[in-house]
Structure formats: C-alpha cells, structure tokens
Amino acid sequence: FNPKDVKVIFVLGGPGVGKGTQCAKLVKDYNFVHLSAGDLLREEQSREGTDYGELIKSYIKDGKIVPMEVTIVLLENAMKRNIADGKKSFLIDGFPRQMDQALKFEEVVVPSQFTLFFDTDEDTLTKRLLERGKTSGRSDDNPESILKRFRTFKETSMPVVNYFDGQKKVVKVDGGKSIDAVYKDVVAHIANRLK
Ligand code: UP5
Ligand code: MG
C-alpha cells in the first residue's frame, strides 16, 4: 500500500493504563481501525500452524518484548487486510514498545502522525490488572508478571515515548481518572489533530 494514503496513531502507556479501553471508545466515535499488538500476538499464539506459539507465550508471561520481526508482520498484514477494505486510519495500540521497533516500523511501513500516551502511577495500574486478572484469563495478569511488565515498560518502552516527545509528536493524557473523564480529555486533546 501507499504510505501516503494511510494514517497511523500510536497508543502507548503502561500495562493496564487503558489503551484498549480508550481505543474502543475512539472507534465508536471516529473512523479508526483499532489494532492491538498484544491482541494480535495472543491470536497468533493460539493459531494452528504457527511457528511462534511457544515463543510468544513465554515472552508475554515474562513481560518481555517479542522480537519485532514477528510483531511487525502481524501488524502489517492486519493493516493490509483493512486497507483492502477501504480503511485508512489506524490506532496502533501497545506498539512500538522498543526503539528498534519504532524506527523499523516508521521506515518500512509508515511514519506515525503522533503518539497518544496515557500515564498514571503503578499502584493504580496494579489494582486494575489484578482486578481484571480475576476473569481475563491472561497469563500476565498476576503479581509476578505485572512487576516484569512494569520494568520492561520503564526500561524499554519509555525511551520510545521520549524519542517521539523529542519530535513534538506526543499527546499526553492522564490515565488515572475515570474511563469517561479520560476519554473526554482524549477527545479534547486530539480533535484538532483529526481533521
Ligand atoms: N480500566 C481501563 N481504564 C480505566 C479507568 N480509567 N479507570 C478504571 N479502570 C480502568 O484496561 C485494563 C483494565 O483496567 C481493564 O479491566 C479496564 O476495564 C480497566 P485496558 O484498556 O485493557 O488497558 P491496556 O492499557 O490496554 O492494558 P493491557 O494489559 O492490554 O496493556 P499491556 O501493554 O500490558 O498489554 P498488551 O496486550 O499491549 O501487551 C501484552 C504483552 O505482549 C507485552 O507485555 C509483551 O510481552 C507483548 N507485546 C510485545 O512483545 N510486543 C508488542 O509490540 C506488544 C506486546
Ligand atoms: Mg490492551
């Protein structure tokens, strides 16, 4: 596809900050396709015939970043399917979370318009994730994996946010309020960027 026809917004923030929740709300009100890198990896993990099932499983449980070759292909394929359906605007949720992924994606797929970055404290995130863990069935919603996810986020993913911030391409939103209050802030911050 021609990168000129495609718009990408990255959605980043710590584990449980509400990336998926806010993307779902944006999809209802605006014409976006929501692609969660984590969801695509979890789907691939259980797909019959995949070579990457065990690898993805162990990386996710340890809160580590799956090698970008796997993730970028999944994202690119999902984008191609949607573009064939006439879609143009994408919210890429939970990606890029390591510098090499950010540089590679913008080089070989398409440069992002900007990054929507949600922020709040780890206590709030822990409470949300443990609550969700009661029913989510996610292998990484447990105290041990949560600590590893926080560590990876701080050490490996924050540099990506800082890199885009240096390019004045980060819109930061407080993710600690109620779901509706956060969404109100999102819309207020990005409405003028969506034209
Ligand atoms: N909730 C949401 N917003 C709330 C609010 N404002 N107030 C109160 N509660 C709120 O929300 C989490 C929970 O909190 C839900 O129960 C929700 O109702 C509630 P959610 O919207 O799911 O938050 P989100 O930020 O999407 O959390 P998620 O757990 O999905 O974030 P992660 O970044 O940890 O998970 P992801 O799926 O993106 O990645 C998982 C793993 O995949 C990574 O750790 C990594 O191992 C791997 N991965 C890669 O290797 N490469 C990638 O590129 C991407 C992922
Ligand atoms: Mg999510």
# chains A, B, ... in the order shown; residues from 1 in each chain; ligands from 1
$ residues_around --residues "segment 113-125 of chain A" --least-positions-apart "2" --cutoff "9 Å" --atoms "only C-alpha atoms" --output "JSON, numbers by chain"
{"A": [7, 8, 9, 10, 11, 12, 13, 14, 15, 16, 17, 18, 19, 111, 127, 128, 129, 130, 150, 161, 164, 165, 168, 169, 170, 171, 172, 173, 174, 175, 176, 177, 186, 190, 193]}
$ closest_atom_pairs --of "chain A" --to "ligand 1" --cutoff "7 Å" --atoms "only C-alpha atoms and all ligand atoms" --output "tab-separated table"
residue	atom	partner	partner_atom_place_in_ligand_line	distance
A:Gly13	CA	ligand 1	25 (O)	6.4
A:Gly14	CA	ligand 1	33 (O)	5.7
A:Pro15	CA	ligand 1	34 (O)	3.4
A:Gly16	CA	ligand 1	27 (O)	3.3
A:Val17	CA	ligand 1	25 (O)	4.1
A:Gly18	CA	ligand 1	21 (O)	3.3
A:Lys19	CA	ligand 1	25 (O)	3.7
A:Gly20	CA	ligand 1	26 (O)	3.7
A:Thr21	CA	ligand 1	21 (O)	3.6
A:Gln22	CA	ligand 1	21 (O)	6.4
A:Ser36	CA	ligand 1	38 (O)	6.4
A:Ala37	CA	ligand 1	54 (C)	4.5
A:Gly38	CA	ligand 1	37 (O)	3.4
A:Asp39	CA	ligand 1	37 (O)	5.6
A:Leu41	CA	ligand 1	42 (O)	6.6
A:Tyr59	CA	ligand 1	46 (O)	5.2
A:Ile60	CA	ligand 1	46 (O)	3.5
A:Lys61	CA	ligand 1	46 (O)	6.7
A:Asp62	CA	ligand 1	46 (O)	6.7
A:Gly63	CA	ligand 1	44 (O)	4.0
A:Lys64	CA	ligand 1	46 (O)	4.4
A:Ile65	CA	ligand 1	50 (O)	3.4
A:Val66	CA	ligand 1	50 (O)	3.6
A:Pro67	CA	ligand 1	50 (O)	6.9
A:Thr71	CA	ligand 1	53 (O)	5.9
A:Asp93	CA	ligand 1	38 (O)	6.6
A:Gly94	CA	ligand 1	38 (O)	4.2
A:Phe95	CA	ligand 1	53 (O)	4.3
A:Pro96	CA	ligand 1	53 (O)	5.4
A:Arg97	CA	ligand 1	53 (O)	5.7
A:Arg128	CA	ligand 1	14 (O)	4.6
A:Leu129	CA	ligand 1	13 (C)	5.7
A:Glu131	CA	ligand 1	16 (O)	6.8
A:Arg132	CA	ligand 1	16 (O)	4.5
A:Arg149	CA	ligand 1	44 (O)	5.5
A:Gly175	CA	ligand 1	6 (N)	5.8
A:Gly176	CA	ligand 1	6 (N)	5.7
A:Lys177	CA	ligand 1	6 (N)	5.1
A:Ser178	CA	ligand 1	6 (N)	4.1
A:Ile179	CA	ligand 1	6 (N)	3.6
A:Val182	CA	ligand 1	6 (N)	6.1
$ closest_residue --among "A:Asp51, A:Glu107, A:Asp29, A:Asp5" --to "Ala84 of chain A" --atoms "only C-alpha atoms"
A:Asp5
$ atom_distance --atom1 "atom CA of Met79 of chain A" --atom2 "atom CA of Asp185 of chain A"
27.2 Å
$ select_by_dssp --residues "segment 68-124 of chain A" --states "strand (DSSP E or B)" --output "list in words"
Ser89, Phe90, Leu91, Ile92, Asp93, Phe114, Thr115, Leu116, Phe117, Phe118 and Asp119 of chain A
$ select_by_dssp --residues "segment 14-162 of chain A" --states "alpha helix (DSSP H)" --output "count of residues only"
86
$ closest_residue --among "A:His34, A:Arg81, A:Lys4, A:Lys28" --to "ligand 2" --atoms "only C-alpha atoms and all ligand atoms"
A:His34
$ closest_residue --among "A:Val73, A:Ala188, A:Leu103, A:Leu91" --to "Leu26 of chain A" --atoms "only C-alpha atoms"
A:Leu91
$ residues_around --residues "Ile83 of chain A" --least-positions-apart "5" --cutoff "10 Å" --atoms "only C-alpha atoms" --output "list in words"
Phe1, Asn2, Asp5, Val6, Val33, Asn77, Ala78, Lys88, Ser89 and Phe90 of chain A
